[in-house]
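Note: the block below is target_38.txt and it holds compact mmCIF, C-alpha atoms.
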```txt
# COMPACT_ATOMS: atom_id res chain seq x y z
CA MET A 704 -5.28 3.88 12.44
CA SER A 705 -1.58 3.72 11.69
CA GLU A 706 0.20 7.05 12.13
CA GLU A 707 2.56 6.41 9.25
CA VAL A 708 1.93 4.35 6.14
CA LEU A 709 3.94 4.03 2.95
CA LEU A 710 2.43 2.82 -0.28
CA GLU A 711 4.53 2.33 -3.39
CA GLY A 712 2.84 2.85 -6.76
CA THR A 713 -0.53 4.10 -5.57
CA GLU A 714 -2.54 5.68 -8.39
CA GLN A 715 0.20 5.08 -10.96
CA SER A 716 -0.94 5.55 -14.52
CA ASN A 717 -0.69 2.54 -16.83
CA THR A 718 0.34 0.21 -13.99
CA THR A 719 -1.39 -2.17 -11.63
CA GLN A 720 -2.95 -0.26 -8.74
CA SER A 721 -1.90 -1.00 -5.16
CA ALA A 722 -4.86 -1.36 -2.81
CA PRO A 723 -4.95 1.48 -0.25
CA VAL A 724 -4.50 0.31 3.33
CA ASN A 725 -5.11 3.62 5.07
CA PRO A 726 -8.48 5.42 5.17
CA LEU A 727 -6.93 8.81 4.45
CA ILE A 728 -5.11 7.52 1.38
CA ASP A 729 -8.30 5.83 0.28
CA PHE A 730 -10.07 9.18 0.61
CA VAL A 731 -7.33 11.21 -1.09
CA ASN A 732 -7.28 8.77 -4.01
CA GLN A 733 -10.75 10.01 -4.92
CA SER A 734 -9.16 13.29 -6.02
CA PRO A 735 -7.07 11.99 -8.95
CA ALA A 736 -9.83 9.51 -9.77
CA SER A 737 -12.35 12.36 -10.10
CA VAL A 738 -9.88 14.46 -12.07
CA GLY A 739 -9.22 11.56 -14.43
CA ILE A 740 -12.89 11.23 -15.40
CA HIS A 741 -13.65 14.96 -15.10
CA ASP A 742 -16.15 14.46 -12.28
CA LYS A 743 -16.23 17.99 -10.92
CA ALA A 744 -19.02 17.45 -8.36
CA THR A 745 -17.25 14.55 -6.66
CA TRP A 746 -13.91 16.35 -6.65
CA MET A 747 -15.38 19.46 -5.04
CA SER A 748 -17.19 17.37 -2.41
CA LEU A 749 -13.81 16.18 -1.10
CA PHE A 750 -13.06 19.64 0.32
CA ASP A 751 -14.18 21.04 3.64
CA GLN A 752 -16.48 24.07 3.71
CA TYR A 753 -13.47 26.20 4.65
CA HIS A 754 -10.49 25.24 2.53
CA ILE A 755 -7.36 26.58 0.87
CA VAL A 756 -5.90 25.43 -2.46
CA GLU A 757 -2.35 26.55 -3.27
CA ASP A 758 -1.55 25.26 -6.75
CA PRO A 759 1.27 25.93 -7.14
CA VAL A 760 2.52 27.08 -3.76
CA GLY A 761 3.65 30.65 -4.29
CA SER A 762 0.64 31.63 -6.39
CA SER A 763 -2.49 33.30 -4.99
CA ALA A 764 -4.47 30.82 -2.92
CA HIS A 765 -8.02 29.78 -3.81
CA VAL A 766 -9.99 30.12 -0.56
CA GLY A 767 -13.38 28.54 0.12
CA GLY A 768 -16.04 29.45 2.65
CA LEU A 769 -15.35 33.19 2.55
CA TYR A 770 -17.35 35.97 0.93
CA THR A 771 -16.15 36.96 -2.53
CA SER A 772 -17.36 39.94 -4.54
CA LYS A 773 -17.30 37.80 -7.70
CA ASP A 774 -19.94 35.46 -6.24
CA GLY A 775 -21.67 37.89 -3.93
CA ALA A 776 -21.83 35.12 -1.35
CA ARG A 777 -19.86 32.72 0.82
CA GLY A 778 -19.18 29.35 -0.77
CA ASP A 779 -16.96 27.28 -3.02
CA GLY A 780 -17.00 29.54 -6.06
CA ALA A 781 -13.22 29.96 -6.04
CA LEU A 782 -12.75 26.18 -6.05
CA SER A 783 -15.23 25.81 -8.89
CA ARG A 784 -13.40 28.42 -10.95
CA PHE A 785 -10.09 26.70 -10.22
CA TRP A 786 -11.50 23.49 -11.73
CA ASP A 787 -12.91 25.29 -14.77
CA THR A 788 -9.60 27.06 -15.40
CA PHE A 789 -6.98 24.38 -14.87
CA ILE A 790 -8.62 20.96 -14.79
CA ALA A 791 -11.60 21.02 -17.15
CA PRO A 792 -9.69 21.59 -20.44
CA ASN A 793 -6.95 19.02 -19.77
CA LYS A 794 -6.41 15.28 -19.42
CA ILE A 795 -4.46 14.74 -16.22
CA ALA A 796 -2.82 11.52 -14.99
CA PHE A 797 -1.08 11.03 -11.64
CA ASP A 798 2.12 8.97 -11.54
CA VAL A 799 2.72 8.43 -7.82
CA GLN A 800 6.02 7.16 -6.47
CA GLN A 801 5.20 7.37 -2.76
CA ASP A 802 2.39 8.13 -0.32
CA ILE A 803 2.91 8.87 3.36
CA VAL A 804 0.35 9.51 6.09
CA LYS A 805 1.40 11.32 9.24
CA GLY A 806 -1.38 12.31 11.59
CA ARG A 807 -3.91 14.19 9.46
CA HIS A 808 -1.44 14.95 6.68
CA VAL A 809 -1.08 12.97 3.46
CA VAL A 810 2.08 13.66 1.45
CA ARG A 811 2.35 12.43 -2.12
CA ASP A 812 5.58 12.31 -4.13
CA LEU A 813 4.63 12.15 -7.81
CA ASN A 814 4.74 13.41 -11.36
CA ILE A 815 1.63 14.79 -13.02
CA ASN A 816 1.21 14.24 -16.74
CA ILE A 817 -0.97 16.90 -18.38
CA GLN A 818 -2.24 16.44 -21.92
CA MET A 819 -3.20 19.96 -22.97
CA SER A 820 -3.91 19.13 -26.61
CA ASP A 821 -3.29 16.32 -29.09
CA LYS A 822 0.23 17.63 -29.62
CA VAL A 823 1.08 19.12 -26.24
CA ASN A 824 1.82 17.03 -23.17
CA VAL A 825 3.86 18.18 -20.16
CA THR A 826 5.17 16.28 -17.14
CA VAL A 827 5.39 18.17 -13.86
CA PRO A 828 7.41 16.81 -10.88
CA MET A 829 5.49 17.55 -7.72
CA HIS A 830 5.07 17.10 -4.00
CA LEU A 831 1.45 17.27 -2.86
CA LEU A 832 0.45 17.98 0.73
CA TYR A 833 -3.13 17.27 1.79
CA GLU A 834 -4.01 18.66 5.22
CA MET A 835 -7.16 16.88 6.35
CA ARG A 836 -9.93 17.85 8.76
CA ASN A 837 -12.41 15.56 10.50
CA THR A 838 -16.03 16.54 9.89
CA ASP A 839 -19.45 15.06 10.61
CA ASN A 840 -19.30 13.64 7.07
CA GLY A 841 -15.86 12.09 7.51
CA PRO A 842 -12.48 13.44 6.43
CA ARG A 843 -12.32 16.44 4.15
CA ILE A 844 -9.45 18.40 2.60
CA ALA A 845 -8.78 21.61 4.53
CA ARG A 846 -5.65 22.57 2.59
CA LEU A 847 -4.15 21.32 -0.65
CA ALA A 848 -0.60 22.54 -1.24
CA ALA A 849 0.85 21.58 -4.63
CA HIS A 850 4.60 22.09 -4.68
CA TRP A 851 5.79 22.37 -8.28
CA GLU A 852 8.01 24.75 -10.20
CA PHE A 853 6.24 27.32 -12.35
CA MET A 854 8.97 28.44 -14.76
CA PRO A 855 10.26 24.94 -15.72
CA MET A 856 6.66 23.99 -16.58
CA ILE A 857 6.25 27.13 -18.70
CA MET A 858 9.57 26.47 -20.46
CA GLN A 859 8.53 22.88 -21.12
CA LEU A 860 5.28 24.14 -22.61
CA MET A 861 7.02 26.73 -24.79
CA GLY A 862 9.43 24.05 -25.96
CA LYS A 863 6.57 22.46 -27.89
CA GLY A 864 6.96 25.15 -30.55
CA LEU A 865 3.98 26.34 -32.58
CA ALA A 866 1.83 23.53 -31.16
CA CYS A 867 1.73 25.37 -27.83
CA LEU A 868 0.20 28.58 -29.25
CA PRO A 869 -3.47 27.49 -29.24
CA VAL A 870 -2.94 25.94 -25.78
CA VAL A 871 -1.51 29.17 -24.40
CA MET A 872 -4.26 31.23 -26.02
CA ASN A 873 -6.97 28.95 -24.62
CA LEU A 874 -5.41 29.03 -21.14
CA THR A 875 -5.11 32.83 -21.26
CA VAL A 876 -8.78 33.22 -22.23
CA ARG A 877 -9.88 30.86 -19.46
CA MET A 878 -7.65 32.60 -16.92
CA PHE A 879 -9.21 35.99 -17.60
CA ALA A 880 -12.72 34.54 -17.82
CA TYR A 881 -12.61 32.62 -14.53
CA GLN A 882 -9.84 34.29 -12.51
CA GLY A 883 -9.94 37.87 -13.75
CA LEU A 884 -6.92 40.13 -13.99
CA GLY A 885 -6.09 39.83 -10.29
CA GLY A 886 -6.27 36.05 -10.32
CA THR A 887 -4.18 35.84 -13.50
CA LEU A 888 -1.48 38.01 -11.97
CA GLY A 889 -1.75 36.02 -8.76
CA PHE A 890 -1.13 32.77 -10.60
CA SER A 891 1.86 34.29 -12.40
CA SER A 892 3.38 35.33 -9.08
CA ALA A 893 4.44 31.71 -8.68
CA ALA A 894 7.35 32.60 -10.98
CA PHE A 895 8.94 34.33 -7.98
CA ASN A 896 10.28 32.12 -5.18
CA VAL A 897 13.15 31.74 -2.73
CA GLY A 898 15.27 30.58 -5.67
CA LYS A 899 18.69 28.99 -5.71
CA LYS A 900 19.71 30.85 -2.57
CA GLY A 901 16.84 29.27 -0.66
CA GLN A 902 17.68 25.88 -2.12
CA LYS A 903 21.31 26.33 -1.06
CA THR A 904 20.21 27.01 2.53
CA VAL A 905 18.40 23.68 2.70
CA GLU A 906 21.26 21.87 0.97
CA LYS A 907 23.66 23.32 3.57
CA LEU A 908 21.36 22.01 6.29
CA VAL A 909 21.53 18.52 4.78
CA GLU A 910 25.33 18.79 4.60
CA GLY A 911 25.42 19.89 8.24
CA LEU A 912 23.25 16.96 9.30
CA ASN A 913 25.40 14.47 7.40
CA ASP A 914 28.69 16.02 8.63
CA ARG A 915 27.40 16.32 12.19
CA SER A 916 28.18 20.04 12.07
CA LEU A 917 26.04 21.77 14.67
CA SER A 918 27.18 25.23 13.57
CA GLU A 919 26.11 24.54 9.96
CA VAL A 920 22.76 23.16 11.13
CA VAL A 921 22.00 26.11 13.41
CA ARG A 922 23.14 28.61 10.76
CA SER A 923 20.51 27.31 8.35
CA PHE A 924 17.61 28.34 10.60
CA ALA A 925 16.11 31.76 11.24
CA HIS A 926 16.50 31.20 15.01
CA ASP A 927 16.71 28.38 17.55
CA GLU A 928 12.98 28.35 18.26
CA VAL A 929 12.15 27.02 14.80
CA ALA A 930 10.09 23.84 15.12
CA VAL A 931 11.44 20.69 13.50
CA GLU A 932 8.71 18.07 13.22
CA GLY A 933 8.49 14.48 12.06
CA LEU A 934 11.71 12.97 13.46
CA SER A 935 10.38 12.04 16.90
CA ASN A 936 7.21 12.15 18.95
CA GLU A 937 8.26 15.53 20.25
CA THR A 938 8.96 18.81 18.51
CA LEU A 939 12.70 19.37 18.10
CA TYR A 940 14.73 22.54 17.71
CA PRO A 941 17.92 23.28 15.73
CA SER A 942 20.30 23.16 18.70
CA ILE A 943 19.20 19.64 19.70
CA LEU A 944 18.52 18.28 16.22
CA LEU A 945 21.76 16.34 15.77
CA GLU A 946 21.48 14.44 19.03
CA ASN A 947 17.92 13.36 18.21
CA MET A 948 18.32 12.33 14.55
CA PRO A 949 17.12 8.75 13.92
CA PHE A 950 19.50 8.38 10.95
CA THR A 951 23.12 9.13 10.08
CA THR A 952 22.87 10.04 6.40
CA LEU A 953 20.18 11.94 4.51
CA ILE A 954 20.20 11.57 0.71
CA VAL A 955 18.40 14.03 -1.58
CA HIS A 956 16.73 12.69 -4.75
CA LYS A 957 14.41 15.43 -6.04
CA THR A 958 14.24 19.15 -5.31
CA ILE A 959 11.29 21.48 -5.84
CA ILE A 960 11.33 25.23 -5.16
CA SER A 961 7.89 26.82 -4.91
CA GLY A 962 7.03 30.10 -3.25
CA ASP A 963 8.68 30.28 0.15
CA THR A 964 9.29 26.53 0.34
CA VAL A 965 11.91 24.03 -0.73
CA THR A 966 10.88 20.38 -0.75
CA PHE A 967 13.18 17.38 -1.13
CA SER A 968 12.47 13.74 -1.88
CA VAL A 969 14.85 12.00 0.49
CA SER A 970 16.04 8.64 1.76
CA THR A 971 18.14 7.69 4.77
CA ASP A 972 20.82 5.15 5.60
CA THR A 973 18.27 3.45 7.89
CA GLY A 974 15.98 2.63 4.95
CA GLU A 975 13.43 5.39 5.30
CA LYS A 976 12.09 7.32 2.31
CA GLY A 977 9.96 10.41 2.15
CA VAL A 978 9.72 14.16 1.75
CA MET A 979 11.39 16.98 3.66
CA LEU A 980 9.54 20.31 3.55
CA ALA A 981 11.31 23.54 4.52
CA GLU A 982 9.54 26.89 4.77
CA LEU A 983 11.93 29.83 4.43
CA ASN A 984 11.94 33.53 5.16
CA GLY A 985 11.62 35.18 1.77
CA LYS A 986 14.13 37.92 2.65
CA THR A 987 16.82 36.14 4.68
CA LYS A 988 16.39 32.74 3.00
CA LYS A 989 16.67 31.11 6.43
CA ILE A 990 14.43 28.22 7.49
CA ASN A 991 11.30 29.19 9.45
CA ALA A 992 9.83 25.68 9.72
CA LEU A 993 10.98 22.17 8.85
CA ARG A 994 8.90 19.01 8.57
CA PHE A 995 9.95 15.47 7.74
CA TYR A 996 7.52 12.96 6.27
CA LEU A 997 9.40 9.64 6.43
CA ALA A 998 8.41 6.00 6.31
CA GLU A 999 10.25 2.70 6.09
```
Entire entry expressed as structure tokens:
Amino acid sequence: MSEEVLLEGTEQSNTTQSAPVNPLIDFVNQSPASVGIHDKATWMSLFDQYHIVEDPVGSSAHVGGLYTSKDGARGDGALSRFWDTFIAPNKIAFDVQQDIVKGRHVVRDLNINIQMSDKVNVTVPMHLLYEMRNTDNGPRIARLAAHWEFMPMIMQLMGKGLACLPVVMNLTVRMFAYQGLGGTLGFSSAAFNVGKKGQKTVEKLVEGLNDRSLSEVVRSFAHDEVAVEGLSNETLYPSILLENMPFTTLIVHKTIISGDTVTFSVSTDTGEKGVMLAELNGKTKKINALRFYLAE
């Protein structure tokens, strides 16, 4: 199986579909397909027994396989309630610009179009990370991390005027019914993230890489033992990053701030495109981990 595959236009709405050429992309494509036809059973079967859903990153995670007092048992009750809260009442279409497979990770650069009522439709820019696990039944999703910005989505929704009121009321009722007070507050916590200061840290890193400024690069990280992955077959570290870069120029196209992460859609002067994912310390706003998902 190829370690790195790029597909343009996979799962695009209202366009001709590109045939998947990688088994993991083929598997992951079942998720938006199930969402599109509201097939809850198939969608839930894509996840491993033990799984984590962060949607959006920065909100309280939905964890499967653990005991919950709400269910009185171990199982996938949290995942089921996530579906009933956020997916069941909406029509959702995935507009994918890029898919990349690296190892057991699938990264998807996309917009999600959510029709919440006849008069209310929102478009949410997103980076999706699927972390896969091999099981006796084939690949399953161990972690789904949806990187999207909470407040811009809320502002877009509120910008619909009076038409958004029944949507907001319906969502609020469902939130309390399926997530409870704790879950509702946990979802709202996505409004707090590393912010513009965190974004600036990652932008300064990009400037340092492009200017070949080692001091700027090193300054962006929490310390010199931070792992930088995805640029070579070996793990790199800040102090040796410049001498091991496979490109000269990194260009940023889309930025998403969610929780403790900043993600960029990027391209390089060597023709690669992909996503850069930086995890930051919430207090210092320095980078704790950096991963590149690039493909030609």
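Proximity to A:Lys976 was assessed for A:Asn837, A:Thr952, A:Asn913, A:Ser923 counting all atoms listed in the file; the smallest distance is recorded for A:Thr952.
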(message) Report, in Å with one decimal, the straight-line distance from atom CA of A:Lys986 to atom CA of A:Asp758.
(response) 22.2 Å
(request) Give the answer as one residue: which of A:Leu749, A:Met878, A:Ala736, A:Val969 has the shortest atom-to-atom distance to A:Gly841, using all atoms listed in the file? (result)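 Distance minimum relative to A:Gly841 lands on A:Leu749.
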(message) To one decimal place in Å, what is the distance between atom CA of A:Asp821 and atom CA of A:Phe797?
(response)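 Distance between the two atoms: 18.4 Å.
When all atoms listed in the file are used to measure the gap to A:Met819, the shortest distance among A:Val871, A:Asp802, A:Gly889, A:Phe924 belongs to A:Val871.
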(request) Work out how far atom CA of A:Val965 is from atom CA of A:Glu999, in Å to one decimal. (result) 22.5 Å
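Compared by their closest atoms to A:Lys743, and using all atoms listed in the file, the residues A:Ser783, A:Ala981, A:Arg777, A:Pro726 rank with A:Ser783 nearest.
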(message) Can you pull out the residues contacting A:Val978? Cut-off 6 Å, using all atoms listed in the file, and skip same-chain residues under 6 positions away; I want them as number ranges by chain.
(response) A: 967-969, 996
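Counting only C-alpha atoms, the residue from A:Lys822, A:Arg811, A:Arg836, A:Lys863 that sits nearest to A:Leu997 is A:Arg811.
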Centre and edge lengths, as AutoDock Vina command-line options, for the axis-aligned box enclosing every listed atom of stretch 906-923 of chain A with 4 Å of padding on each of the six sides, in Å to one decimal?
```
--center_x 24.6 --center_y 21.5 --center_z 7.8 --size_x 16.2 --size_y 22.1 --size_z 21.7
```
Provide stretch 820-851 of chain A rebuilt to N, CA and C atoms, formatted as a JSON list (two decimals), in the coordinates of the input.
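Result file is out.json:
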```
[["chain", "number", "residue", "atom", "x", "y", "z"],
["A", 820, "SER", "N", -3.34, 19.24, -25.27],
["A", 820, "SER", "CA", -3.91, 19.13, -26.61],
["A", 820, "SER", "C", -3.38, 17.84, -27.21],
["A", 821, "ASP", "N", -3.78, 17.54, -28.44],
["A", 821, "ASP", "CA", -3.29, 16.32, -29.09],
["A", 821, "ASP", "C", -1.78, 16.33, -29.26],
["A", 822, "LYS", "N", -1.20, 17.52, -29.35],
["A", 822, "LYS", "CA", 0.23, 17.63, -29.62],
["A", 822, "LYS", "C", 1.04, 18.14, -28.44],
["A", 823, "VAL", "N", 0.37, 18.50, -27.36],
["A", 823, "VAL", "CA", 1.08, 19.12, -26.24],
["A", 823, "VAL", "C", 0.82, 18.34, -24.96],
["A", 824, "ASN", "N", 1.88, 17.76, -24.43],
["A", 824, "ASN", "CA", 1.82, 17.03, -23.17],
["A", 824, "ASN", "C", 3.02, 17.47, -22.32],
["A", 825, "VAL", "N", 2.77, 17.79, -21.06],
["A", 825, "VAL", "CA", 3.86, 18.18, -20.16],
["A", 825, "VAL", "C", 3.84, 17.29, -18.93],
["A", 826, "THR", "N", 5.02, 17.07, -18.37],
["A", 826, "THR", "CA", 5.17, 16.28, -17.14],
["A", 826, "THR", "C", 5.73, 17.19, -16.06],
["A", 827, "VAL", "N", 5.04, 17.23, -14.93],
["A", 827, "VAL", "CA", 5.39, 18.17, -13.86],
["A", 827, "VAL", "C", 5.76, 17.40, -12.60],
["A", 828, "PRO", "N", 7.03, 17.40, -12.18],
["A", 828, "PRO", "CA", 7.41, 16.81, -10.88],
["A", 828, "PRO", "C", 6.75, 17.60, -9.76],
["A", 829, "MET", "N", 6.32, 16.89, -8.72],
["A", 829, "MET", "CA", 5.49, 17.55, -7.72],
["A", 829, "MET", "C", 5.58, 16.85, -6.37],
["A", 830, "HIS", "N", 5.38, 17.61, -5.32],
["A", 830, "HIS", "CA", 5.07, 17.10, -4.00],
["A", 830, "HIS", "C", 3.71, 17.68, -3.61],
["A", 831, "LEU", "N", 2.78, 16.83, -3.26],
["A", 831, "LEU", "CA", 1.45, 17.27, -2.86],
["A", 831, "LEU", "C", 1.28, 17.07, -1.36],
["A", 832, "LEU", "N", 0.77, 18.08, -0.69],
["A", 832, "LEU", "CA", 0.45, 17.98, 0.73],
["A", 832, "LEU", "C", -1.04, 18.20, 0.91],
["A", 833, "TYR", "N", -1.72, 17.16, 1.44],
["A", 833, "TYR", "CA", -3.13, 17.27, 1.79],
["A", 833, "TYR", "C", -3.21, 17.39, 3.31],
["A", 834, "GLU", "N", -3.74, 18.51, 3.80],
["A", 834, "GLU", "CA", -4.01, 18.66, 5.22],
["A", 834, "GLU", "C", -5.50, 18.40, 5.44],
["A", 835, "MET", "N", -5.79, 17.36, 6.22],
["A", 835, "MET", "CA", -7.16, 16.88, 6.35],
["A", 835, "MET", "C", -7.82, 17.41, 7.63],
["A", 836, "ARG", "N", -9.15, 17.46, 7.59],
["A", 836, "ARG", "CA", -9.93, 17.85, 8.76],
["A", 836, "ARG", "C", -11.06, 16.84, 8.96],
["A", 837, "ASN", "N", -11.28, 16.43, 10.20],
["A", 837, "ASN", "CA", -12.41, 15.56, 10.50],
["A", 837, "ASN", "C", -13.69, 16.38, 10.54],
["A", 838, "THR", "N", -14.73, 15.88, 9.88],
["A", 838, "THR", "CA", -16.03, 16.54, 9.89],
["A", 838, "THR", "C", -17.12, 15.52, 10.21],
["A", 839, "ASP", "N", -18.33, 15.98, 10.36],
["A", 839, "ASP", "CA", -19.45, 15.06, 10.61],
["A", 839, "ASP", "C", -19.65, 14.11, 9.44],
["A", 840, "ASN", "N", -19.16, 14.48, 8.26],
["A", 840, "ASN", "CA", -19.30, 13.64, 7.07],
["A", 840, "ASN", "C", -18.02, 12.86, 6.75],
["A", 841, "GLY", "N", -17.12, 12.80, 7.74],
["A", 841, "GLY", "CA", -15.86, 12.09, 7.51],
["A", 841, "GLY", "C", -14.75, 13.05, 7.17],
["A", 842, "PRO", "N", -13.61, 12.55, 6.73],
["A", 842, "PRO", "CA", -12.48, 13.44, 6.43],
["A", 842, "PRO", "C", -12.76, 14.32, 5.22],
["A", 843, "ARG", "N", -12.24, 15.53, 5.28],
["A", 843, "ARG", "CA", -12.32, 16.44, 4.15],
["A", 843, "ARG", "C", -10.99, 17.19, 4.04],
["A", 844, "ILE", "N", -10.70, 17.68, 2.83],
["A", 844, "ILE", "CA", -9.45, 18.40, 2.60],
["A", 844, "ILE", "C", -9.61, 19.84, 3.07],
["A", 845, "ALA", "N", -8.77, 20.23, 4.05],
["A", 845, "ALA", "CA", -8.78, 21.61, 4.53],
["A", 845, "ALA", "C", -7.77, 22.46, 3.76],
["A", 846, "ARG", "N", -6.66, 21.84, 3.36],
["A", 846, "ARG", "CA", -5.65, 22.57, 2.59],
["A", 846, "ARG", "C", -4.99, 21.62, 1.61],
["A", 847, "LEU", "N", -4.89, 22.06, 0.38],
["A", 847, "LEU", "CA", -4.15, 21.32, -0.65],
["A", 847, "LEU", "C", -3.01, 22.22, -1.10],
["A", 848, "ALA", "N", -1.78, 21.78, -0.84],
["A", 848, "ALA", "CA", -0.60, 22.54, -1.24],
["A", 848, "ALA", "C", 0.16, 21.75, -2.29],
["A", 849, "ALA", "N", 0.17, 22.25, -3.51],
["A", 849, "ALA", "CA", 0.85, 21.58, -4.63],
["A", 849, "ALA", "C", 2.19, 22.26, -4.86],
["A", 850, "HIS", "N", 3.25, 21.55, -4.51],
["A", 850, "HIS", "CA", 4.60, 22.09, -4.68],
["A", 850, "HIS", "C", 5.14, 21.65, -6.04],
["A", 851, "TRP", "N", 5.18, 22.62, -6.98],
["A", 851, "TRP", "CA", 5.79, 22.37, -8.28],
["A", 851, "TRP", "C", 6.35, 23.69, -8.80]]
```
